[in-house]
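Encoded as structure tokens, the structure appears first; notes follow it.
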Amino acid sequence: MTSARLSTLATLRDRIERIGAQGDALRPRRVSLGHAEADAALQGGLAVGAVHEVFAEAGRQSAAATGFVAGLAGRIAPRRPLLWIRQDFCEREAGALSMSGLAELGLDPRCLVTVCTADVEATLRASADALACDALGAVVLEVWGETQKLDLVASRKLTLAAQASGVTALLLRIAATPNPSTAETRWIVRAAHSPPSASWAAWGTPLFDAELVRNRHGLSGRWIMEWKCDERLFTEPAADSQPLAATSAHRPHQARTKLRSAG
């Protein structure tokens with residue numbers, strides 16, 4: 001092989017290595033959720049510095065979606081400030097966020113700042129400004145109902161702002177239909193039945209029926225995810241360990257005996 005060909009081959013190898021290095025640099029950092037199957041579908045976890053959508057029906061499903069988003073925020077930025085921007089209509093329909101409830105989920109209320117906005121347009125403006133602040137760990141945008149303001153252009157602006165600062169945006173949509181967007185993932189969340197709790201506990205652990213319907217870089221799926229409040233992670237729900245009462249082997253004979261004695 002001539003020296004010219006060797007030089008060309010070395011140049012090509014150098015270019016390929018540079019392209020690979022650039023690809024690694026552009027690959028988003030991911031945070032594991034703790035749920036093995038969900039993390040596998042997400043190729044290691046939820047992408048940081050991106051937009052993620054969570055949809056839910058109104059009613060009790062909205063409470064489940066709010067808890068799920070709080071869990072995601074707790075995983076992404078457990079000790080960094082969290083800004084929660086809510087449309088005023090969300091406050092009227094679902095009530096104010098409970099600081100004690102968020103604390104029981106494992107979030108530190110001292111790291112949470114809530115902002116109420118008049119409408120969707122004001123919510124988007126406040127969110128864009130917030131995503132430009134890299135001191136934040138995550139920004140939650142909570143919007144109620146259908147709206148044309150959250151179109152593909154608005155989604156693209158939020159994605160670019162999140163990528164530039166590295167701050168993750170969690171878009172919580174209640175009573176809305178998913179539209180085309182640039183979101184990294186899209187979830188539909190429902191409440192799942194909690195297993196029987198111990199005698200000293202007032203209620204069971206939070207369980208979510210989480211359906212990943214959009215994943216830009218992986219597979220979709222649907223899982224029952226248990227939120228561990230103390231560890232602040234999602235896991236597969238443990239099997240119900242409550243004992244079941246055994247059926248008596250002599251029950252039919254005893255029943256016949258009682259019938260004969262009664263006659």
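Lettering and numbering for the structure tokens are positional, with chains as A, B, ... in the shown order, residues counted from 1 in each chain, and ligands counted from 1 in the shown order.
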Residues flagged helix (DSSP H, G or I) by DSSP in range 2-192 of chain A, as JSON, numbers by chain: {"A": [3, 4, 5, 6, 7, 8, 9, 10, 11, 12, 13, 14, 15, 16, 17, 18, 19, 20, 21, 22, 23, 24, 25, 26, 36, 37, 38, 39, 40, 41, 60, 61, 62, 63, 64, 65, 66, 67, 68, 69, 70, 71, 72, 73, 74, 75, 76, 88, 89, 90, 91, 92, 93, 94, 99, 100, 101, 102, 103, 104, 109, 110, 111, 120, 121, 122, 123, 124, 125, 126, 127, 128, 129, 130, 131, 152, 153, 154, 155, 156, 157, 158, 159, 160, 161, 162, 163, 164, 165]}
Would you mind listing what lies within 10 Å of range 90-93 of chain A as an NGL selection string, with only C-alpha atoms counted and same-chain residues fewer than 5 positions away left out? :A and (58-59 or 62 or 116-117 or 142-145 or 173-174)
Spatial neighbours of Glu53 in chain A, max dist 8 Å, only C-alpha atoms, sep filter under 4 positions, as a PyMOL selection string: chain A and resi 170-173+183+185-187
Export of the given selection (N, CA and C atoms) as a PDB file, in the first residue's frame:
ATOM      1  N   LEU A 170     -40.883  18.866  32.627  1.00  0.00           N
ATOM      2  CA  LEU A 170     -41.914  17.839  32.791  1.00  0.00           C
ATOM      3  C   LEU A 170     -43.260  18.501  32.537  1.00  0.00           C
ATOM      4  N   LEU A 171     -43.879  18.147  31.424  1.00  0.00           N
ATOM      5  CA  LEU A 171     -45.134  18.767  31.008  1.00  0.00           C
ATOM      6  C   LEU A 171     -46.293  17.886  31.463  1.00  0.00           C
ATOM      7  N   LEU A 172     -47.073  18.369  32.432  1.00  0.00           N
ATOM      8  CA  LEU A 172     -48.198  17.637  32.996  1.00  0.00           C
ATOM      9  C   LEU A 172     -49.483  18.126  32.336  1.00  0.00           C
ATOM     10  N   ARG A 173     -50.133  17.236  31.581  1.00  0.00           N
ATOM     11  CA  ARG A 173     -51.357  17.577  30.853  1.00  0.00           C
ATOM     12  C   ARG A 173     -52.527  16.777  31.427  1.00  0.00           C
ATOM     13  N   ALA A 183     -41.274  16.121  22.314  1.00  0.00           N
ATOM     14  CA  ALA A 183     -40.961  15.536  23.622  1.00  0.00           C
ATOM     15  C   ALA A 183     -40.141  14.259  23.464  1.00  0.00           C
ATOM     16  N   THR A 185     -40.129  11.742  25.704  1.00  0.00           N
ATOM     17  CA  THR A 185     -41.036  10.648  26.058  1.00  0.00           C
ATOM     18  C   THR A 185     -42.426  11.216  26.308  1.00  0.00           C
ATOM     19  N   ARG A 186     -43.411  10.327  26.187  1.00  0.00           N
ATOM     20  CA  ARG A 186     -44.801  10.675  26.510  1.00  0.00           C
ATOM     21  C   ARG A 186     -45.396   9.519  27.302  1.00  0.00           C
ATOM     22  N   TRP A 187     -45.984   9.856  28.445  1.00  0.00           N
ATOM     23  CA  TRP A 187     -46.559   8.864  29.340  1.00  0.00           C
ATOM     24  C   TRP A 187     -48.048   9.118  29.519  1.00  0.00           C
TER      25      TRP A 187
END
With only C-alpha atoms as the counted atoms, please give the residues lying no more than 10 Å from Gly67 in chain A, apart from itself and same-chain residues fewer than 5 positions off, as a PyMOL selection string. chain A and resi 61-62+72-73+101-102+105+189+191+206-208+227
Point out the residue among A:Arg60, A:Arg156, A:Arg125, A:Arg79 with the least atom-to-atom distance to Arg190 in chain A, counting only C-alpha atoms. A:Arg60
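Using only C-alpha atoms, the smallest distance between any of A:Leu158, A:Ser220, A:Ala63, A:Pro109 and Gln43 in chain A comes from A:Ser220.
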Using the chain letters and numbers from this document, which residues of range 15-105 of chain A does DSSP assign to strand (DSSP E or B), as a list in words? Arg30, Val31, Leu46, Ala47, Val51, His52, Glu53, Val54, Phe55, Ala56, Leu82, Leu83, Trp84, Ile85, Arg86 and Gln87 of chain A
Rank nothing, just name the residue among A:Leu82, A:Ala238, A:Ala65, A:Val31 nearest to Val140 in chain A, using only C-alpha atoms.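 So, comparing all the options, the nearest one is A:Leu82.
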When you look at Glu104 in chain A with a cut-off of 12 Å (counting only C-alpha atoms), what residues show up, excluding the ones that are within fewer than 2 positions of it in the same chain? I need them as a ChimeraX atom specification. /A:67,70-71,74,98-102,106-109,203,205-206,227-232
Kindly indicate which residue among A:Ala64, A:Ile76, A:Ala126, A:Ala176 lies nearest to Gly45 in chain A, using only C-alpha atoms for the distances. A:Ile76
Which residue out of A:Ala210, A:Val51, A:Leu152, A:Ala77 has the minimum interatomic distance to Leu131 in chain A when only C-alpha atoms are used?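 Nearest to Leu131 in chain A: A:Val51.
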